[in-house]
>>> print(open('protein29.txt').read())   # compact mmCIF, N, CA and C atoms
# COMPACT_ATOMS: atom_id res chain seq x y z
N MET A 1 -10.17 5.08 2.75
CA MET A 1 -10.31 5.43 1.34
C MET A 1 -10.27 4.19 0.46
N ARG A 2 -9.54 3.16 0.91
CA ARG A 2 -9.42 1.95 0.10
C ARG A 2 -10.77 1.24 -0.04
N GLY A 3 -11.61 1.28 1.00
CA GLY A 3 -12.93 0.66 0.91
C GLY A 3 -13.78 1.32 -0.16
N ILE A 4 -13.71 2.64 -0.24
CA ILE A 4 -14.44 3.38 -1.26
C ILE A 4 -13.89 3.04 -2.64
N ASP A 5 -12.57 2.86 -2.73
CA ASP A 5 -11.97 2.50 -4.01
C ASP A 5 -12.51 1.17 -4.50
N GLY A 6 -12.67 0.18 -3.60
CA GLY A 6 -13.20 -1.12 -3.99
C GLY A 6 -14.62 -1.01 -4.50
N ILE A 7 -15.45 -0.23 -3.81
CA ILE A 7 -16.83 -0.03 -4.24
C ILE A 7 -16.85 0.71 -5.58
N GLY A 8 -15.98 1.71 -5.72
CA GLY A 8 -15.89 2.45 -6.98
C GLY A 8 -15.52 1.55 -8.14
N ASN A 9 -14.59 0.62 -7.91
CA ASN A 9 -14.21 -0.33 -8.96
C ASN A 9 -15.39 -1.21 -9.36
N LEU A 10 -16.16 -1.66 -8.37
CA LEU A 10 -17.32 -2.50 -8.67
C LEU A 10 -18.38 -1.72 -9.45
N ILE A 11 -18.59 -0.47 -9.09
CA ILE A 11 -19.57 0.35 -9.80
C ILE A 11 -19.14 0.56 -11.25
N LEU A 12 -17.86 0.86 -11.46
CA LEU A 12 -17.37 1.05 -12.82
C LEU A 12 -17.49 -0.24 -13.64
N LEU A 13 -17.15 -1.37 -13.02
CA LEU A 13 -17.26 -2.65 -13.71
C LEU A 13 -18.72 -2.94 -14.06
N PHE A 14 -19.63 -2.70 -13.12
CA PHE A 14 -21.05 -2.92 -13.37
C PHE A 14 -21.56 -2.02 -14.49
N MET A 15 -21.14 -0.76 -14.48
CA MET A 15 -21.59 0.19 -15.50
C MET A 15 -21.12 -0.25 -16.90
N ALA A 16 -19.88 -0.65 -17.02
CA ALA A 16 -19.35 -1.09 -18.31
C ALA A 16 -20.03 -2.38 -18.76
N ALA A 17 -20.25 -3.31 -17.83
CA ALA A 17 -20.89 -4.58 -18.18
C ALA A 17 -22.34 -4.35 -18.60
N ALA A 18 -23.06 -3.48 -17.90
CA ALA A 18 -24.45 -3.20 -18.27
C ALA A 18 -24.53 -2.57 -19.66
N SER A 19 -23.61 -1.70 -19.98
CA SER A 19 -23.59 -1.08 -21.31
C SER A 19 -23.32 -2.12 -22.39
N LEU A 20 -22.38 -3.01 -22.13
CA LEU A 20 -22.06 -4.06 -23.09
C LEU A 20 -23.25 -5.00 -23.30
N ILE A 21 -23.90 -5.38 -22.22
CA ILE A 21 -25.07 -6.25 -22.33
C ILE A 21 -26.19 -5.56 -23.10
N SER A 22 -26.38 -4.26 -22.87
CA SER A 22 -27.42 -3.52 -23.61
C SER A 22 -27.12 -3.49 -25.10
N MET A 23 -25.86 -3.32 -25.46
CA MET A 23 -25.51 -3.30 -26.88
C MET A 23 -25.69 -4.68 -27.51
N ILE A 24 -25.36 -5.74 -26.78
CA ILE A 24 -25.57 -7.09 -27.31
C ILE A 24 -27.06 -7.36 -27.51
N ALA A 25 -27.87 -6.92 -26.54
CA ALA A 25 -29.32 -7.08 -26.67
C ALA A 25 -29.85 -6.30 -27.87
N ALA A 26 -29.29 -5.13 -28.14
CA ALA A 26 -29.72 -4.34 -29.29
C ALA A 26 -29.36 -5.06 -30.59
N PHE A 27 -28.21 -5.74 -30.63
CA PHE A 27 -27.86 -6.54 -31.81
C PHE A 27 -28.89 -7.64 -32.05
N PHE A 28 -29.29 -8.32 -30.97
CA PHE A 28 -30.30 -9.37 -31.12
C PHE A 28 -31.63 -8.79 -31.59
N LEU A 29 -32.02 -7.65 -31.05
CA LEU A 29 -33.26 -7.01 -31.48
C LEU A 29 -33.18 -6.62 -32.96
N ASP A 30 -32.04 -6.13 -33.37
CA ASP A 30 -31.85 -5.77 -34.78
C ASP A 30 -31.98 -7.00 -35.67
N GLY A 31 -31.45 -8.12 -35.21
CA GLY A 31 -31.58 -9.37 -35.97
C GLY A 31 -33.03 -9.82 -36.09
N ILE A 32 -33.78 -9.64 -35.00
CA ILE A 32 -35.20 -10.01 -35.05
C ILE A 32 -35.94 -9.13 -36.05
N VAL A 33 -35.69 -7.83 -35.99
CA VAL A 33 -36.40 -6.90 -36.90
C VAL A 33 -36.01 -7.17 -38.35
N ASN A 34 -34.74 -7.35 -38.62
CA ASN A 34 -34.29 -7.49 -40.01
C ASN A 34 -34.54 -8.87 -40.60
N ASN A 35 -34.61 -9.89 -39.79
CA ASN A 35 -34.75 -11.24 -40.34
C ASN A 35 -36.11 -11.86 -40.03
N GLU A 36 -36.44 -11.97 -38.78
CA GLU A 36 -37.64 -12.70 -38.38
C GLU A 36 -38.93 -11.97 -38.78
N LEU A 37 -39.02 -10.68 -38.46
CA LEU A 37 -40.27 -9.98 -38.72
C LEU A 37 -40.52 -9.81 -40.22
N LYS A 38 -39.47 -9.69 -41.01
CA LYS A 38 -39.67 -9.62 -42.47
C LYS A 38 -40.21 -10.93 -43.00
N ALA A 39 -39.82 -12.04 -42.35
CA ALA A 39 -40.36 -13.34 -42.77
C ALA A 39 -41.85 -13.44 -42.46
N TYR A 40 -42.31 -12.66 -41.48
CA TYR A 40 -43.74 -12.66 -41.12
C TYR A 40 -44.51 -11.55 -41.82
N GLY A 41 -43.91 -10.88 -42.77
CA GLY A 41 -44.63 -9.92 -43.58
C GLY A 41 -44.39 -8.45 -43.23
N LEU A 42 -43.38 -8.17 -42.44
CA LEU A 42 -43.07 -6.76 -42.12
C LEU A 42 -42.60 -6.07 -43.40
N GLU A 43 -43.26 -4.99 -43.75
CA GLU A 43 -42.88 -4.24 -44.94
C GLU A 43 -42.07 -3.02 -44.53
N PHE A 44 -41.02 -2.79 -45.32
CA PHE A 44 -40.15 -1.66 -45.01
C PHE A 44 -40.89 -0.35 -45.24
N SER A 45 -40.72 0.57 -44.28
CA SER A 45 -41.28 1.90 -44.40
C SER A 45 -40.38 2.85 -43.62
N TYR A 46 -40.14 4.01 -44.20
CA TYR A 46 -39.34 5.00 -43.48
C TYR A 46 -40.06 5.51 -42.24
N ASN A 47 -41.37 5.33 -42.16
CA ASN A 47 -42.13 5.77 -40.99
C ASN A 47 -41.68 5.06 -39.71
N TRP A 48 -41.33 3.77 -39.81
CA TRP A 48 -40.85 3.07 -38.64
C TRP A 48 -39.32 2.90 -38.67
N ALA A 49 -38.71 2.92 -39.85
CA ALA A 49 -37.27 2.66 -39.96
C ALA A 49 -36.43 3.80 -39.38
N ILE A 50 -36.80 5.04 -39.65
CA ILE A 50 -35.99 6.16 -39.15
C ILE A 50 -36.00 6.23 -37.63
N PRO A 51 -37.14 6.15 -36.95
CA PRO A 51 -37.10 6.13 -35.49
C PRO A 51 -36.36 4.90 -34.94
N TYR A 52 -36.49 3.78 -35.62
CA TYR A 52 -35.78 2.56 -35.21
C TYR A 52 -34.27 2.76 -35.31
N TRP A 53 -33.81 3.29 -36.45
CA TRP A 53 -32.38 3.53 -36.63
C TRP A 53 -31.85 4.55 -35.62
N ASN A 54 -32.63 5.60 -35.38
CA ASN A 54 -32.22 6.61 -34.40
C ASN A 54 -32.11 6.02 -33.00
N THR A 55 -33.08 5.17 -32.66
CA THR A 55 -33.06 4.53 -31.35
C THR A 55 -31.85 3.60 -31.21
N MET A 56 -31.57 2.83 -32.24
CA MET A 56 -30.40 1.94 -32.22
C MET A 56 -29.11 2.75 -32.12
N GLY A 57 -29.06 3.87 -32.84
CA GLY A 57 -27.88 4.72 -32.77
C GLY A 57 -27.67 5.28 -31.37
N VAL A 58 -28.75 5.71 -30.72
CA VAL A 58 -28.65 6.23 -29.36
C VAL A 58 -28.20 5.12 -28.40
N ILE A 59 -28.74 3.92 -28.56
CA ILE A 59 -28.35 2.80 -27.69
C ILE A 59 -26.85 2.55 -27.81
N PHE A 60 -26.34 2.48 -29.02
CA PHE A 60 -24.92 2.20 -29.21
C PHE A 60 -24.04 3.39 -28.79
N ALA A 61 -24.49 4.60 -29.06
CA ALA A 61 -23.70 5.77 -28.65
C ALA A 61 -23.59 5.85 -27.13
N MET A 62 -24.71 5.66 -26.45
CA MET A 62 -24.68 5.73 -24.99
C MET A 62 -23.91 4.54 -24.38
N GLY A 63 -24.01 3.39 -25.01
CA GLY A 63 -23.26 2.23 -24.54
C GLY A 63 -21.77 2.45 -24.63
N TRP A 64 -21.32 2.90 -25.80
CA TRP A 64 -19.88 3.16 -25.96
C TRP A 64 -19.42 4.31 -25.07
N LEU A 65 -20.25 5.33 -24.93
CA LEU A 65 -19.89 6.45 -24.05
C LEU A 65 -19.71 5.97 -22.61
N SER A 66 -20.60 5.12 -22.15
CA SER A 66 -20.49 4.59 -20.78
C SER A 66 -19.25 3.73 -20.61
N ILE A 67 -18.96 2.88 -21.58
CA ILE A 67 -17.77 2.03 -21.48
C ILE A 67 -16.50 2.87 -21.51
N ILE A 68 -16.43 3.83 -22.42
CA ILE A 68 -15.23 4.69 -22.51
C ILE A 68 -15.08 5.53 -21.25
N ALA A 69 -16.19 6.05 -20.72
CA ALA A 69 -16.11 6.85 -19.49
C ALA A 69 -15.65 6.00 -18.32
N ALA A 70 -16.12 4.76 -18.22
CA ALA A 70 -15.71 3.88 -17.13
C ALA A 70 -14.21 3.57 -17.22
N ILE A 71 -13.74 3.30 -18.42
CA ILE A 71 -12.31 3.01 -18.61
C ILE A 71 -11.47 4.25 -18.31
N ALA A 72 -11.89 5.40 -18.81
CA ALA A 72 -11.13 6.64 -18.59
C ALA A 72 -11.08 6.99 -17.10
N PHE A 73 -12.20 6.84 -16.41
CA PHE A 73 -12.23 7.16 -14.99
C PHE A 73 -11.36 6.19 -14.20
N GLN A 74 -11.35 4.92 -14.59
CA GLN A 74 -10.50 3.94 -13.91
C GLN A 74 -9.03 4.26 -14.12
N VAL A 75 -8.65 4.61 -15.34
CA VAL A 75 -7.26 4.98 -15.62
C VAL A 75 -6.88 6.22 -14.81
N TYR A 76 -7.77 7.20 -14.74
CA TYR A 76 -7.52 8.41 -13.96
C TYR A 76 -7.31 8.06 -12.49
N ARG A 77 -8.16 7.20 -11.94
CA ARG A 77 -8.04 6.82 -10.53
C ARG A 77 -6.72 6.11 -10.26
N ILE A 78 -6.32 5.22 -11.16
CA ILE A 78 -5.06 4.51 -10.99
C ILE A 78 -3.89 5.49 -11.00
N ARG A 79 -3.92 6.45 -11.91
CA ARG A 79 -2.83 7.44 -11.99
C ARG A 79 -2.79 8.31 -10.74
N VAL A 80 -3.94 8.72 -10.22
CA VAL A 80 -3.98 9.55 -9.02
C VAL A 80 -3.46 8.78 -7.82
N ILE A 81 -3.88 7.52 -7.68
CA ILE A 81 -3.43 6.71 -6.54
C ILE A 81 -1.93 6.50 -6.61
N ARG A 82 -1.40 6.19 -7.79
CA ARG A 82 0.05 6.00 -7.92
C ARG A 82 0.79 7.30 -7.64
N LYS A 83 0.25 8.43 -8.06
CA LYS A 83 0.90 9.71 -7.80
C LYS A 83 0.91 10.00 -6.30
N GLU A 84 -0.21 9.73 -5.61
CA GLU A 84 -0.27 9.95 -4.16
C GLU A 84 0.72 9.04 -3.44
N GLU A 85 0.81 7.77 -3.85
CA GLU A 85 1.74 6.85 -3.22
C GLU A 85 3.18 7.30 -3.46
N SER A 86 3.47 7.79 -4.65
CA SER A 86 4.82 8.27 -4.97
C SER A 86 5.17 9.49 -4.13
N GLN A 87 4.21 10.43 -4.01
CA GLN A 87 4.46 11.62 -3.20
C GLN A 87 4.64 11.24 -1.74
N SER A 88 3.87 10.30 -1.25
CA SER A 88 3.98 9.86 0.13
C SER A 88 5.35 9.23 0.39
N ALA A 89 5.81 8.41 -0.56
CA ALA A 89 7.12 7.78 -0.42
C ALA A 89 8.22 8.83 -0.46
N ASN A 90 8.09 9.84 -1.34
CA ASN A 90 9.08 10.90 -1.41
C ASN A 90 9.12 11.72 -0.12
N GLU A 91 7.95 12.03 0.44
CA GLU A 91 7.90 12.79 1.69
C GLU A 91 8.52 11.99 2.82
N GLN A 92 8.25 10.70 2.87
CA GLN A 92 8.82 9.87 3.91
C GLN A 92 10.34 9.81 3.76
N PHE A 93 10.82 9.71 2.53
CA PHE A 93 12.26 9.68 2.29
C PHE A 93 12.90 11.00 2.70
N GLU A 94 12.25 12.13 2.36
CA GLU A 94 12.79 13.44 2.74
C GLU A 94 12.80 13.61 4.25
N ASN A 95 11.77 13.15 4.93
CA ASN A 95 11.75 13.23 6.39
C ASN A 95 12.86 12.40 7.00
N THR A 96 13.13 11.24 6.42
CA THR A 96 14.23 10.41 6.91
C THR A 96 15.56 11.11 6.70
N LEU A 97 15.72 11.74 5.53
CA LEU A 97 16.98 12.45 5.26
C LEU A 97 17.18 13.62 6.21
N GLU A 98 16.11 14.30 6.57
CA GLU A 98 16.22 15.44 7.47
C GLU A 98 16.66 15.02 8.85
N SER A 99 16.37 13.80 9.27
CA SER A 99 16.74 13.35 10.60
C SER A 99 18.19 12.88 10.68
N TYR A 100 18.88 12.84 9.55
CA TYR A 100 20.28 12.43 9.53
C TYR A 100 21.16 13.63 9.18
N GLU A 101 22.35 13.64 9.76
CA GLU A 101 23.33 14.67 9.41
C GLU A 101 24.31 14.04 8.45
N TRP A 102 24.38 14.59 7.26
CA TRP A 102 25.18 13.97 6.22
C TRP A 102 26.58 14.57 6.12
N ILE A 103 26.76 15.81 6.53
CA ILE A 103 28.08 16.42 6.49
C ILE A 103 28.29 17.10 7.83
N GLY A 104 29.41 16.89 8.42
CA GLY A 104 29.65 17.51 9.72
C GLY A 104 31.13 17.52 10.06
N ILE A 105 31.44 18.28 11.09
CA ILE A 105 32.82 18.38 11.57
C ILE A 105 32.82 17.82 12.99
N ALA A 106 33.74 16.93 13.25
CA ALA A 106 33.82 16.33 14.58
C ALA A 106 34.50 17.29 15.54
N GLY A 107 33.82 17.54 16.64
CA GLY A 107 34.39 18.36 17.69
C GLY A 107 34.92 17.47 18.80
N GLU A 108 35.34 18.10 19.95
CA GLU A 108 35.88 17.31 21.05
C GLU A 108 34.82 16.44 21.72
N ASP A 109 33.60 16.98 21.87
CA ASP A 109 32.59 16.26 22.61
C ASP A 109 31.59 15.51 21.73
N GLU A 110 31.76 15.54 20.44
CA GLU A 110 30.86 14.79 19.56
C GLU A 110 31.62 14.25 18.37
N ALA A 111 31.14 13.15 17.88
CA ALA A 111 31.72 12.55 16.69
C ALA A 111 30.60 12.42 15.66
N VAL A 112 30.77 13.05 14.53
CA VAL A 112 29.76 13.01 13.49
C VAL A 112 30.21 12.02 12.43
N VAL A 113 29.34 11.09 12.17
CA VAL A 113 29.63 10.09 11.15
C VAL A 113 28.60 10.27 10.05
N ILE A 114 29.03 10.24 8.83
CA ILE A 114 28.12 10.43 7.71
C ILE A 114 27.07 9.32 7.74
N GLY A 115 25.80 9.75 7.71
CA GLY A 115 24.71 8.81 7.66
C GLY A 115 24.17 8.42 9.02
N GLN A 116 24.69 8.93 10.09
CA GLN A 116 24.20 8.62 11.42
C GLN A 116 23.44 9.81 11.98
N LYS A 117 22.53 9.56 12.92
CA LYS A 117 21.82 10.64 13.56
C LYS A 117 22.82 11.45 14.37
N THR A 118 22.56 12.74 14.48
CA THR A 118 23.46 13.59 15.26
C THR A 118 23.35 13.26 16.73
N THR A 119 24.35 13.63 17.49
CA THR A 119 24.34 13.32 18.92
C THR A 119 23.24 14.07 19.64
N GLN A 120 22.90 15.26 19.22
CA GLN A 120 21.81 16.01 19.84
C GLN A 120 20.49 15.27 19.65
N GLU A 121 20.22 14.74 18.47
CA GLU A 121 18.98 14.00 18.21
C GLU A 121 18.95 12.72 19.02
N ASN A 122 20.12 12.04 19.17
CA ASN A 122 20.16 10.82 19.96
C ASN A 122 19.86 11.13 21.42
N ASN A 123 20.38 12.25 21.94
CA ASN A 123 20.12 12.62 23.32
C ASN A 123 18.65 12.97 23.54
N GLN A 124 18.02 13.62 22.57
CA GLN A 124 16.62 13.99 22.69
C GLN A 124 15.71 12.77 22.66
N GLU A 125 16.08 11.74 21.91
CA GLU A 125 15.25 10.55 21.79
C GLU A 125 15.27 9.72 23.06
N THR A 126 16.36 9.72 23.81
CA THR A 126 16.46 8.90 25.02
C THR A 126 16.01 9.61 26.26
>>> encode(input="protein29.txt", output="structure tokens")
Amino acid sequence: MRGIDGIGNLILLFMAAASLISMIAAFFLDGIVNNELKAYGLEFSYNWAIPYWNTMGVIFAMGWLSIIAAIAFQVYRIRVIRKEESQSANEQFENTLESYEWIGIAGEDEAVVIGQKTTQENNQET
């Protein structure tokens, strides 16, 4: 599962980076349209401005959506992995506790010490 996690991290990083690069490129394109092309005689018209603004809005909306989704999914994965590790550690601790006898009464043929394995378990292991 760890190999898949590494690939998943790379995919999320690539997705966020691609979105950021797309938004930076859109800023440069906006600068060209607003500054350079007007210097060459581009006249403002709502016929081209509204579709241009809508397109820029979609670029930025999808870029931010991708970045936020990548971050949210990464945070979710980290929380799930930590929760699984915590549950695994708790189960291992409980299994260890079950193999020990914590309260007992010493009889003639056995001596029970708090925190030690019972004599029956020791006999079964050997």
>>> atom_distance(input="protein29.txt", atom1="atom N of Asp30 in chain A", atom2="atom C of Ser66 in chain A")
20.6 Å
>>> atom_distance(input="protein29.txt", atom1="CA of Leu37 in chain A", atom2="CA of Met62 in chain A")
26.0 Å
>>> atom_distance(input="protein29.txt", atom1="CA of Tyr76 in chain A", atom2="CA of Ile59 in chain A")
25.6 Å
>>> residues_around(input="protein29.txt", residues="Leu12 in chain A", least_positions_apart="6", cutoff="8 Å", atoms="only N, CA and C atoms", output="compact mmCIF listing (two decimals) with N, CA and C atoms, keeping the file's coordinate frame")
# COMPACT_ATOMS: atom_id res chain seq x y z
N GLY A 6 -12.67 0.18 -3.60
CA GLY A 6 -13.20 -1.12 -3.99
C GLY A 6 -14.62 -1.01 -4.50
N ALA A 18 -23.06 -3.48 -17.90
CA ALA A 18 -24.45 -3.20 -18.27
C ALA A 18 -24.53 -2.57 -19.66
N ALA A 69 -16.19 6.05 -20.72
CA ALA A 69 -16.11 6.85 -19.49
C ALA A 69 -15.65 6.00 -18.32
N ALA A 70 -16.12 4.76 -18.22
CA ALA A 70 -15.71 3.88 -17.13
C ALA A 70 -14.21 3.57 -17.22
N ILE A 71 -13.74 3.30 -18.42
CA ILE A 71 -12.31 3.01 -18.61
C ILE A 71 -11.47 4.25 -18.31
N GLN A 74 -11.35 4.92 -14.59
CA GLN A 74 -10.50 3.94 -13.91
C GLN A 74 -9.03 4.26 -14.12
